[in-house]
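Right, one structure below, let's go through it.
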Amino acid sequence: MPTFPIAVLVSGRGSNLSALIDAQRGGALPIEIVLVASDKAHAPALRIAEAAGIATLALDPAGYRQRADFDSDLFARIAAHSPQLVVLAGFMRILDVDVVAPWVGRMINIHPSLLPKYRGLRTHERALAAGEATHGSSVHYVTSELDGGPVIAQAEIPVAADDTPMTLATRLLPREHRLLAACVGMIAERRIALVGSAIQYDGRVLETPLRMRSDGELASPV
Ligand code: GRF
């Protein structure tokens, strides 16, 4: 199978990026990461990309008069690398709707909650405060609505009585990494696509997000 070119946008640590690089190197993902771009020049994720020999781009939003100008320059530079998919992996900016529009169906985000619950920030803290019995992460297509696009798949974990936001995040993170890699793999293999506003999974409309099983495989909910 030919490799599937992707770009990854990051703002921080880069553990999801590392997971994609490791899965690709291990032969589990038929992708090529053609660019890792960041709004933060000091993001550790950029150092991870450099060490892996991946092209990087750091663009400082402070150099632009308006948010939309930054976003359109960023996406023009991304387009120059011809990715078939853009993966937001800890990219901590809200994107301009007009810049996002041409990429709908070709851009996904990993969000640390069981969407539609807890869009936005501090998801672990909010899930604990609400007394949730389970928590998780979601991979969704990016649309004009913040954390609101169609959800491809989710990884769910139980919340323990003594969990703190930190322990919950730490336990969830390895599941999140597998979830993201599995979704990118399904898209690269053309098993998942966004058609209009519906996700197609193996040629059928996906009514409910896929669930990640304990072995890391994605499965239809029963
Ligand atoms: C992850 O928890 C992701 O869900 C959220 O930001 C965090 C990024 O972590 N959107 P990392 O930079 O991939 O380590």
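Residues are named by chain letter and number: chains run A, B, ... in the order of the structure tokens, numbers start at 1 in each chain, and ligands are numbered from 1 in the order shown.
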
Inset, instruction - Would you kindly return, as a list in words, each protein, DNA or RNA residue with an atom no farther than 8 Å from any atom of Glu32 (chain A), considering only C-alpha atoms and excluding same-chain residues fewer than 2 positions away? - result: Thr3, Phe4, Pro5, Ile6, Gln24, Pro30 and Val34 of chain A

Take the residues from that selection and write them out as a tab-separated table (two decimals), in the first residue's frame, keeping N, CA and C atoms.
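The resulting again09.tsv:
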```tsv
chain	number	residue	atom	x	y	z
A	3	THR	N	2.31	4.91	0.90
A	3	THR	CA	2.20	5.60	2.19
A	3	THR	C	1.27	6.80	2.04
A	4	PHE	N	0.65	7.11	3.14
A	4	PHE	CA	-0.38	8.15	3.21
A	4	PHE	C	0.25	9.36	3.90
A	5	PRO	N	0.38	10.49	3.20
A	5	PRO	CA	1.07	11.65	3.79
A	5	PRO	C	0.19	12.39	4.80
A	6	ILE	N	0.71	12.61	5.98
A	6	ILE	CA	-0.04	13.37	6.98
A	6	ILE	C	0.82	14.51	7.53
A	24	GLN	N	4.35	4.08	13.11
A	24	GLN	CA	4.79	4.07	11.70
A	24	GLN	C	6.09	3.29	11.55
A	30	PRO	N	0.64	2.79	7.72
A	30	PRO	CA	1.18	3.06	6.38
A	30	PRO	C	1.19	4.56	6.07
A	34	VAL	N	4.76	14.19	6.79
A	34	VAL	CA	5.48	15.09	5.89
A	34	VAL	C	5.81	16.42	6.55
```

Inset, instruction - Using backbone DSSP assignments, extract all helix (DSSP H, G or I) residues from region 38-164 of chain A; output them as a PyMOL selection string. - result: chain A and resi 44-51+61-63+67-79+97-103+123-129

Within 8 Å of ligand 1, which residues of chain A come that close, and what is the closest atom pair and distance in Å for each? Count only C-alpha atoms and all ligand atoms and give it as a Markdown table.
```
| residue | atom | partner | partner_atom_place_in_ligand_line | distance |
| --- | --- | --- | --- | --- |
| A:Val10 | CA | ligand 1 | 12 (O) | 6.5 |
| A:Ser11 | CA | ligand 1 | 12 (O) | 6.6 |
| A:Gly12 | CA | ligand 1 | 12 (O) | 4.6 |
| A:Arg13 | CA | ligand 1 | 12 (O) | 3.8 |
| A:Gly14 | CA | ligand 1 | 12 (O) | 3.6 |
| A:Ser15 | CA | ligand 1 | 14 (O) | 3.5 |
| A:Asn16 | CA | ligand 1 | 13 (O) | 3.7 |
| A:Leu17 | CA | ligand 1 | 13 (O) | 5.9 |
| A:Ser18 | CA | ligand 1 | 13 (O) | 7.7 |
| A:Ala45 | CA | ligand 1 | 12 (O) | 6.7 |
| A:Leu88 | CA | ligand 1 | 10 (N) | 7.6 |
| A:Ala89 | CA | ligand 1 | 13 (O) | 5.3 |
| A:Gly90 | CA | ligand 1 | 6 (O) | 3.6 |
| A:Phe91 | CA | ligand 1 | 10 (N) | 6.5 |
| A:Met92 | CA | ligand 1 | 10 (N) | 7.2 |
| A:Asn109 | CA | ligand 1 | 10 (N) | 7.2 |
| A:Ile110 | CA | ligand 1 | 4 (O) | 4.9 |
| A:His111 | CA | ligand 1 | 4 (O) | 4.2 |
| A:Pro112 | CA | ligand 1 | 4 (O) | 4.2 |
| A:Ser113 | CA | ligand 1 | 4 (O) | 7.9 |
| A:Ser137 | CA | ligand 1 | 4 (O) | 6.7 |
| A:Ser138 | CA | ligand 1 | 4 (O) | 8.0 |
| A:Ala169 | CA | ligand 1 | 2 (O) | 7.3 |
| A:Leu173 | CA | ligand 1 | 2 (O) | 6.6 |
| A:Glu176 | CA | ligand 1 | 4 (O) | 7.0 |
| A:His177 | CA | ligand 1 | 13 (O) | 8.0 |
```

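The smallest atom-to-atom distance between Ser197 (chain A) and any of A:Leu20, A:Val104, A:Ala130, A:Ala161, using only C-alpha atoms, is found for A:Val104.
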
Inset, instruction - Check region 140-176 of chain A with DSSP on the backbone and list each residue it calls strand (DSSP E or B), as a ChimeraX atom specification. - result: /A:140-141,151-158

Inset, instruction - Might you pull out every residue within 9 Å of region 115-120 of chain A, with only C-alpha atoms counted and same-chain residues fewer than 5 positions away left off, and present them as a ChimeraX atom specification? - result: /A:126-127,136-140,146-148,151,154

Inset, instruction - Using only C-alpha atoms, pick whichever of A:Pro165, A:Pro83, A:Pro221, A:Gly216 has the shortest atom-to-atom distance to Arg178 (chain A). - result: A:Gly216

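CA of Glu125 (chain A) is positioned 28.1 Å from CA of Val86 (chain A).
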
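Across the model, the gap from CA of Val87 (chain A) to CA of Asp73 (chain A) is 17.2 Å.
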
Legend entry - Long-range neighbours of Ser214 (chain A) as a PyMOL selection string, 10 Å cut-off, only C-alpha atoms, 6 positions minimum in chain: chain A and resi 155-157+175

Go ahead and save the picked residues with C-alpha atoms, as an mmCIF file, in the first residue's frame.
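Generated output (again-v3.cif):
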```
data_model
loop_
_atom_site.group_PDB
_atom_site.id
_atom_site.type_symbol
_atom_site.label_atom_id
_atom_site.label_comp_id
_atom_site.auth_asym_id
_atom_site.auth_seq_id
_atom_site.Cartn_x
_atom_site.Cartn_y
_atom_site.Cartn_z
ATOM 1 C CA ALA A 155 -11.360 4.995 24.310
ATOM 2 C CA GLU A 156 -13.083 4.724 27.686
ATOM 3 C CA ILE A 157 -11.598 4.000 31.110
ATOM 4 C CA ARG A 175 -5.094 4.481 25.586
#
```

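Of the residues under consideration (A:Leu114, A:Ile108, A:Ala181, A:Ala41), A:Leu114 shows the shortest atom-to-atom contact distance to Pro209 (chain A) when counting only C-alpha atoms.
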
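CA of Arg93 (chain A) is found 12.0 Å from CA of Asp60 (chain A).
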
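Excluding Ala101 (chain A) itself and any same-chain residue fewer than 3 positions from it, the protein and nucleic acid residues within 8 Å of it, counting only C-alpha atoms, are Val97, Asp98, Val104, Thr143 and Ser144 of chain A.
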
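Closest to Arg67 (chain A) among A:Ala55, A:Asp96, A:Ala79, A:Arg122 is A:Asp96, based on only C-alpha atoms.
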
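Between Ala133 (chain A) and the candidates A:Ala160, A:Leu46, A:Ala76, A:Leu168, the tightest atom-to-atom separation, counting only C-alpha atoms, involves A:Ala160.
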